[in-house]
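The structure appears below as structure tokens.
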Amino acid sequence: MSVPHSERSAETETARLIRTHDWAGTPLGAADDWPVELRSLVDLVLASPLAMAIAWGADHRLIYNHAFAAIVGDRHPAAIGDTVRHVWPELWDGWNAQIFGQLNAGDSISARDKQLTLQIGGRSEQRWFDLYYAPIMADGAVAGTMCYALDRTDRKVAEAALRASEEEFRTLAEAVPHHVWIADVEGNFSWFNSRIYDFVGTPSGVELNGEWAPFVHPEDADAVLAAWSTALADQNVFEHAYRLRSAGGNYRWHLARALPTRDEKGRVVRWIGTNTDIHDQKRDTDELIERNSTLERNVAARTAERDRIWNVSRDLLLVADDRGRWLSVNPAWTHTLGWQEADLVDRSPTELVHPDDRDATLEELLRIGRGEGSNRFENRIAARDGTYHILSWTTVSTGGLIYAVARDVTAEREAMRALADAEAALHQSQKMEVVGQLTGGIAHDFNNLLQGITGSLEIVRRRLSEGRLQDVDRFLKGAAESADRATGLTNRLLAFARRTPLDARATDVNQLVGSMQDLLGRTLGERIRLRCKLDDKLWRTRCDPNQLESALLNLSINSRDAMPHGGTLTIVTANAPGIDGRSPLPADMPPGDYVAISVADTGIGMSAETLARAFEPFFTTKAVGHGTGLGLSMIYGFAEQSGGKVVIESMPGHGTTVSLFLPRDLTSDAAHSIANEDSFINGSGESILVIEDEPVVRALIVELLDELGYAPIAVGDAGPGLSILRSNQSIDLLITDVGLPEMSGWDLAEAARAMRPDLPILFITGYADAAARPESALDEGTALITKPFGGALLASRIGAMLGRS
């Protein structure tokens with residue numbers, strides 16, 4: 001390697017290290033044996049003030065100058081003579097291997113602003129370079145690579161900082177509810193925030209510089225142009241009030257204010273301006289002038305662009321650190337809440353928050369800290385006078401700081417509360433009207449039924465007192481039928497409310513439908529044909545068979561009334577499996593297998609309006625006196641309480657199909673049949689304890705048990721009943737009312753079972769909220785019947801429980 005002596009005297013430390021390096025120990029060999037091309041290039045590189053390096057040989061050995069050593073960093077001087085792959089292993093696969101491959105093909109390569117991740121001082125660091133590579137030819141082949149590098153990292157960092165500063169300004173400018181704009185040094189508008197585009201009704205981003213004049217009121221155009229020209233010439237504050245046309249064509253007064261932004265030499269580089277809507281304040285000129293004067297003094301004291309916007313905002317602006325502690329506030333806090341800036345700076349984020357809102361505020365701060373931002377979060381903040389104002393917050397977190405805009409919505413929320421109170425009062429009025437209608441409907445039906453009972457009994461009483469017995473059975477039958485209808489009405493009301501205590505048991509639906517065919521035939525009349533399509537492999541369902549029978553009768557009567565000129569009523573039973581999809585189930589059905597019972601008619605059908613209200617209680621399309629409107633609502637309640645669903649399909653002129661989906665019973669494969677509750681089963685002197693607080697009902701039960709051949713023991717409350725159960729007296733069956741004064745029948749039964757584990761227990765109830773059956777209350781050896789009940793039903797249940805049926 002030949003270096004002139006005059007340059008040798010001023011050689012750099014890097015040149016000295018290369019000259020004295022033991023090259024003989026490398027694949028390049030001793031420096032004196034290097035090819036002339038390499039020695040010439042080394043002399044060129046060492047003499048250059050630019051960062052240059054040579055990668056020579058098949059393994060790319062490094063030779064570089066002093067300027068390039070700064071790029072090598074803490075790997076210098078060990079990198080001298082080492083391979084590129086060993087010096088920068090982190091760059092090999094992602095960059096250098098590809099570069100050397102292209103260079104070996106004879107291509108020159110340039111890369112501007114190339115971002116590389118270097119390991120410097122044990123940590124990763126992003127660096128940017130302008131890189132130029134050229135292959136070095138020797139003996140007709142590529143022997144090495146010449147690299148020229150220019151470190152652009154400082155410039156890139158500065159550009160990123162500038163972009164962040166500009167983005168911070170734009171974020172703040174978009175957060176405030178005012179017009180914000182930027183103009184160049186010659187007065188040409190270069191940027192508007194979205195509030196301006198929204199106001200004038202122009203899509204965001206459309207060029208407005210040459211289109212701004214038409215938005216200014218014609219009477220104000222000359223004056224505002226003169227004021228703007230003067231400000232540009234004087235390079236001083238621009239401030240002028242003028243009218244702007246909104247998207248709706250209305251003009252509103254705005255106060256335009258702009259300040260010049262200067263560089264480090266004091267030269268104006270651009271203008272930052274705002275338009276504040278002062279339309280409502282225009283009438284008070286003196287106050288406006290004073291406010292503008294105050295704004296001018298505040299703005300003049302600020303140098304950052306965000307502080308200029310800060311002081312003209314009517315919304316409450318706040319900057320906080322990442323823990324939420326307040327660092328600065330704008331003057332709107334004083335105007336709205338009465339606090340001075342000194343009172344608020346360095347405040348904890350929850351000091352002024354209403355105690356009931358603190359937990360929610362802290363949770364919102366955690367969300368903001370996670371970078372999620374906040375939009376329309378509301379809490380209550382204390383004013384200086386001790387009152388609380390409701391503030392609606394919009395926040396954004398950036399650069400370790402939280403920027404927040406709060407708007408006082410106290411008046412709006414008070415108006416909303418007043419509206420809600422008015423709506424609640426209206427709702428209560430409407431609810432009372434519905435209750436009145438419901439009560440009237442029930443009273444109408446019950447009065448008719450009570451008339452049938454009391455009138456029939458009055459005639460019977462009179463004839464018995466006169467010794468006339470003819471037709472007494474007819475009037476007693478009439479009273480019993482009216483009482484049965486009253487029972488049906490009560491059950492329909494309770495079924496709709498899902499309050500009927502159901503006696504759910506395994507039921508053979510096909511058998512039930514078969515037993516009803518004669519009744520249905522008589523009910524439908526001669527004009528209507530009854531068809532039954534019953535699946536001979538139908539599963540059993542678990543439901544109250546009496547309720548199901550009532551539901552089918554109700555549906556058949558509805559269908560009959562919908563076919564005044566005759567037609568066909570079809571009852572279909574089918575399995576509805578919940579897994580293979582052969583029988584579609586309603587979308588909201590719980591998983592499982594169901595039994596489907598459909599009642600379809602060829603009648604007049606329902607309109608969409610009628611179909612939507614079909615399950616409403618007391619809604620009926622029948623004439624007055626021809627229906628209570630509780631039939632479908634009862635069926636709906638029965639299905640829901642049984643764990644199933646009811647679905648209606650109907651179209652005007654195409655008939656109606658009502659489908660009941662009831663859960664499949666899986667308790668046993670043995671055949672189940674519907675109990676015959678019309679026959680009396682006599683006893684053989686078994687001892688039955690009756691606990692009933694209503695004397696008349698207690699006496700009737702005792703009388704019936706006597707006639708059936710049982711030995712009843714009757715008491716009026718739980719206390720005496722428990723005393724008997726504690727004694728040695730033989731008791732074969734316990735009958736207890738659910739709603740007793742001292743304790744519920746359920747609790748009494750639990751105490752009885754603790755003393756006599758095998759004692760059969762029959763519950764009787766007329767239903768009351770306090771006596772509602774708890775889940776799984778009917779264990780083995782228990783049963784339940786509801787009031788009113790007939791003697792046959794009571795005899796049948798007792799006989800079944802004592803093993804006599």
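Identifiers for the structure tokens are assigned positionally: chains receive A, B, ... in sequence, residues are indexed from 1 per chain, and ligands are indexed from 1 in the order shown.
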Practice prompt. Run DSSP on the backbone and give me the residues of range 641-731 of chain A it puts in strand (DSSP E), as a list of chain:residue names.
Written response: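 Filtering range 641-731 of chain A down to strand (DSSP E) leaves A:Lys645, A:Val646, A:Val647, A:Ile648, A:Glu649, A:Ser650, A:Thr656, A:Thr657, A:Val658, A:Ser659, A:Leu660, A:Phe661, A:Leu662, A:Pro663, A:Ser687, A:Ile688, A:Leu689, A:Val690, A:Ile691, A:Ala711, A:Pro712, A:Ile713, A:Ala714, A:Val715.
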Let's have the selection written as a CSV table (one decimal), in the first residue's frame, with N, CA, C and O atoms.
```csv
chain,number,residue,atom,x,y,z
A,645,LYS,N,-92.5,-24.1,23.9
A,645,LYS,CA,-92.8,-22.9,23.2
A,645,LYS,C,-94.1,-23.1,22.4
A,645,LYS,O,-94.5,-24.2,22.2
A,646,VAL,N,-94.7,-22.0,22.0
A,646,VAL,CA,-95.9,-22.0,21.2
A,646,VAL,C,-95.6,-21.1,20.0
A,646,VAL,O,-95.1,-20.0,20.2
A,647,VAL,N,-96.0,-21.5,18.8
A,647,VAL,CA,-95.7,-20.8,17.6
A,647,VAL,C,-97.0,-20.7,16.7
A,647,VAL,O,-97.7,-21.7,16.6
A,648,ILE,N,-97.3,-19.5,16.2
A,648,ILE,CA,-98.5,-19.4,15.3
A,648,ILE,C,-98.0,-19.0,13.9
A,648,ILE,O,-97.1,-18.1,13.7
A,649,GLU,N,-98.6,-19.7,12.9
A,649,GLU,CA,-98.4,-19.4,11.5
A,649,GLU,C,-99.7,-19.1,10.9
A,649,GLU,O,-100.6,-19.9,11.0
A,650,SER,N,-99.9,-17.9,10.3
A,650,SER,CA,-101.2,-17.6,9.7
A,650,SER,C,-101.1,-16.6,8.6
A,650,SER,O,-100.2,-15.7,8.7
A,656,THR,N,-104.9,-21.0,9.8
A,656,THR,CA,-104.0,-20.8,10.9
A,656,THR,C,-103.5,-22.1,11.4
A,656,THR,O,-104.3,-23.1,11.5
A,657,THR,N,-102.2,-22.2,11.8
A,657,THR,CA,-101.6,-23.3,12.4
A,657,THR,C,-101.0,-22.9,13.7
A,657,THR,O,-100.1,-22.0,13.7
A,658,VAL,N,-101.4,-23.5,14.8
A,658,VAL,CA,-100.8,-23.2,16.1
A,658,VAL,C,-100.0,-24.5,16.6
A,658,VAL,O,-100.6,-25.6,16.6
A,659,SER,N,-98.7,-24.4,16.8
A,659,SER,CA,-97.9,-25.5,17.2
A,659,SER,C,-97.3,-25.4,18.6
A,659,SER,O,-96.8,-24.4,18.9
A,660,LEU,N,-97.6,-26.4,19.4
A,660,LEU,CA,-97.1,-26.5,20.7
A,660,LEU,C,-95.8,-27.4,20.7
A,660,LEU,O,-95.9,-28.5,20.2
A,661,PHE,N,-94.7,-26.9,21.3
A,661,PHE,CA,-93.5,-27.7,21.4
A,661,PHE,C,-93.3,-28.0,22.9
A,661,PHE,O,-93.0,-27.0,23.7
A,662,LEU,N,-93.5,-29.2,23.4
A,662,LEU,CA,-93.3,-29.6,24.8
A,662,LEU,C,-92.2,-30.5,25.0
A,662,LEU,O,-91.9,-31.4,24.1
A,663,PRO,N,-91.4,-30.4,26.1
A,663,PRO,CA,-90.2,-31.3,26.2
A,663,PRO,C,-90.5,-32.8,26.3
A,663,PRO,O,-91.5,-33.2,26.9
A,687,SER,N,-105.7,-43.3,58.3
A,687,SER,CA,-105.7,-42.1,59.1
A,687,SER,C,-105.1,-41.0,58.2
A,687,SER,O,-103.9,-41.1,57.8
A,688,ILE,N,-105.8,-39.9,58.0
A,688,ILE,CA,-105.3,-38.8,57.2
A,688,ILE,C,-105.4,-37.5,58.0
A,688,ILE,O,-106.4,-37.1,58.5
A,689,LEU,N,-104.2,-36.8,58.1
A,689,LEU,CA,-104.1,-35.5,58.9
A,689,LEU,C,-104.3,-34.4,57.9
A,689,LEU,O,-103.6,-34.3,56.9
A,690,VAL,N,-105.3,-33.5,58.1
A,690,VAL,CA,-105.7,-32.4,57.3
A,690,VAL,C,-105.3,-31.1,58.0
A,690,VAL,O,-105.8,-30.9,59.1
A,691,ILE,N,-104.4,-30.3,57.4
A,691,ILE,CA,-104.1,-29.0,57.9
A,691,ILE,C,-104.5,-27.9,56.9
A,691,ILE,O,-103.9,-27.8,55.9
A,711,ALA,N,-110.2,-42.0,57.9
A,711,ALA,CA,-110.3,-41.4,59.2
A,711,ALA,C,-109.6,-40.1,59.3
A,711,ALA,O,-108.4,-40.1,59.5
A,712,PRO,N,-110.3,-39.0,59.0
A,712,PRO,CA,-109.6,-37.7,59.0
A,712,PRO,C,-109.4,-37.1,60.4
A,712,PRO,O,-110.2,-37.3,61.3
A,713,ILE,N,-108.2,-36.4,60.5
A,713,ILE,CA,-107.9,-35.6,61.7
A,713,ILE,C,-107.6,-34.2,61.2
A,713,ILE,O,-106.7,-34.0,60.4
A,714,ALA,N,-108.4,-33.2,61.6
A,714,ALA,CA,-108.3,-31.9,61.0
A,714,ALA,C,-107.8,-30.8,62.0
A,714,ALA,O,-108.3,-30.8,63.1
A,715,VAL,N,-106.9,-30.0,61.6
A,715,VAL,CA,-106.4,-28.8,62.4
A,715,VAL,C,-106.3,-27.6,61.5
A,715,VAL,O,-106.3,-27.7,60.3
```
Practice prompt. Would you kindly return, as a list in words, each protein, DNA or RNA residue with an atom no farther than 9 Å from any atom of Arg505 in chain A, considering only C-alpha atoms and excluding same-chain residues fewer than 5 positions away?
Written response: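 Selected residues are Thr541, Arg542, Cys543, Asp544, Pro545 and Asp665 of chain A.
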Worksheet entry | Distance query Met651 in chain A at most 10 Å, only C-alpha atoms, self and fewer than 6 positions along chain excluded, as a PyMOL selection string | chain A and resi 603-608+611+657
May I have the selected residues written with N, CA, C and O atoms, as a PDB file, in the first residue's frame?
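Saved the output as out31.pdb:
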```pdb
ATOM      1  N   GLY A 603    -109.441 -21.860   8.029  1.00  0.00           N
ATOM      2  CA  GLY A 603    -110.299 -20.707   8.247  1.00  0.00           C
ATOM      3  C   GLY A 603    -109.803 -19.430   7.598  1.00  0.00           C
ATOM      4  O   GLY A 603    -108.970 -19.434   6.680  1.00  0.00           O
ATOM      5  N   ILE A 604    -110.275 -18.311   8.145  1.00  0.00           N
ATOM      6  CA  ILE A 604    -110.044 -17.007   7.525  1.00  0.00           C
ATOM      7  C   ILE A 604    -108.624 -16.489   7.760  1.00  0.00           C
ATOM      8  O   ILE A 604    -108.176 -15.571   7.084  1.00  0.00           O
ATOM      9  N   GLY A 605    -107.874 -17.061   8.711  1.00  0.00           N
ATOM     10  CA  GLY A 605    -106.495 -16.624   8.964  1.00  0.00           C
ATOM     11  C   GLY A 605    -106.435 -15.304   9.713  1.00  0.00           C
ATOM     12  O   GLY A 605    -107.461 -14.706  10.078  1.00  0.00           O
ATOM     13  N   MET A 606    -105.214 -14.863   9.977  1.00  0.00           N
ATOM     14  CA  MET A 606    -104.994 -13.627  10.730  1.00  0.00           C
ATOM     15  C   MET A 606    -104.174 -12.646   9.910  1.00  0.00           C
ATOM     16  O   MET A 606    -103.264 -13.042   9.179  1.00  0.00           O
ATOM     17  N   SER A 607    -104.435 -11.361  10.103  1.00  0.00           N
ATOM     18  CA  SER A 607    -103.583 -10.323   9.521  1.00  0.00           C
ATOM     19  C   SER A 607    -102.304 -10.213  10.330  1.00  0.00           C
ATOM     20  O   SER A 607    -102.204 -10.750  11.451  1.00  0.00           O
ATOM     21  N   ALA A 608    -101.307  -9.501   9.792  1.00  0.00           N
ATOM     22  CA  ALA A 608    -100.033  -9.326  10.513  1.00  0.00           C
ATOM     23  C   ALA A 608    -100.260  -8.603  11.834  1.00  0.00           C
ATOM     24  O   ALA A 608     -99.625  -8.916  12.851  1.00  0.00           O
ATOM     25  N   LEU A 611    -101.859 -11.084  14.281  1.00  0.00           N
ATOM     26  CA  LEU A 611    -100.867 -12.088  14.665  1.00  0.00           C
ATOM     27  C   LEU A 611     -99.887 -11.534  15.696  1.00  0.00           C
ATOM     28  O   LEU A 611     -99.492 -12.231  16.634  1.00  0.00           O
ATOM     29  N   THR A 657    -102.207 -22.166  11.789  1.00  0.00           N
ATOM     30  CA  THR A 657    -101.627 -23.346  12.432  1.00  0.00           C
ATOM     31  C   THR A 657    -100.956 -22.913  13.722  1.00  0.00           C
ATOM     32  O   THR A 657    -100.089 -22.030  13.708  1.00  0.00           O
TER      33      THR A 657
END
```
Item to complete: Could you check how far CA of Lys477 in chain A sits from CA of Leu762 in chain A, in Å to one decimal?
Response: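 Atom-to-atom, CA of Lys477 in chain A to CA of Leu762 in chain A, that is 28.0 Å.
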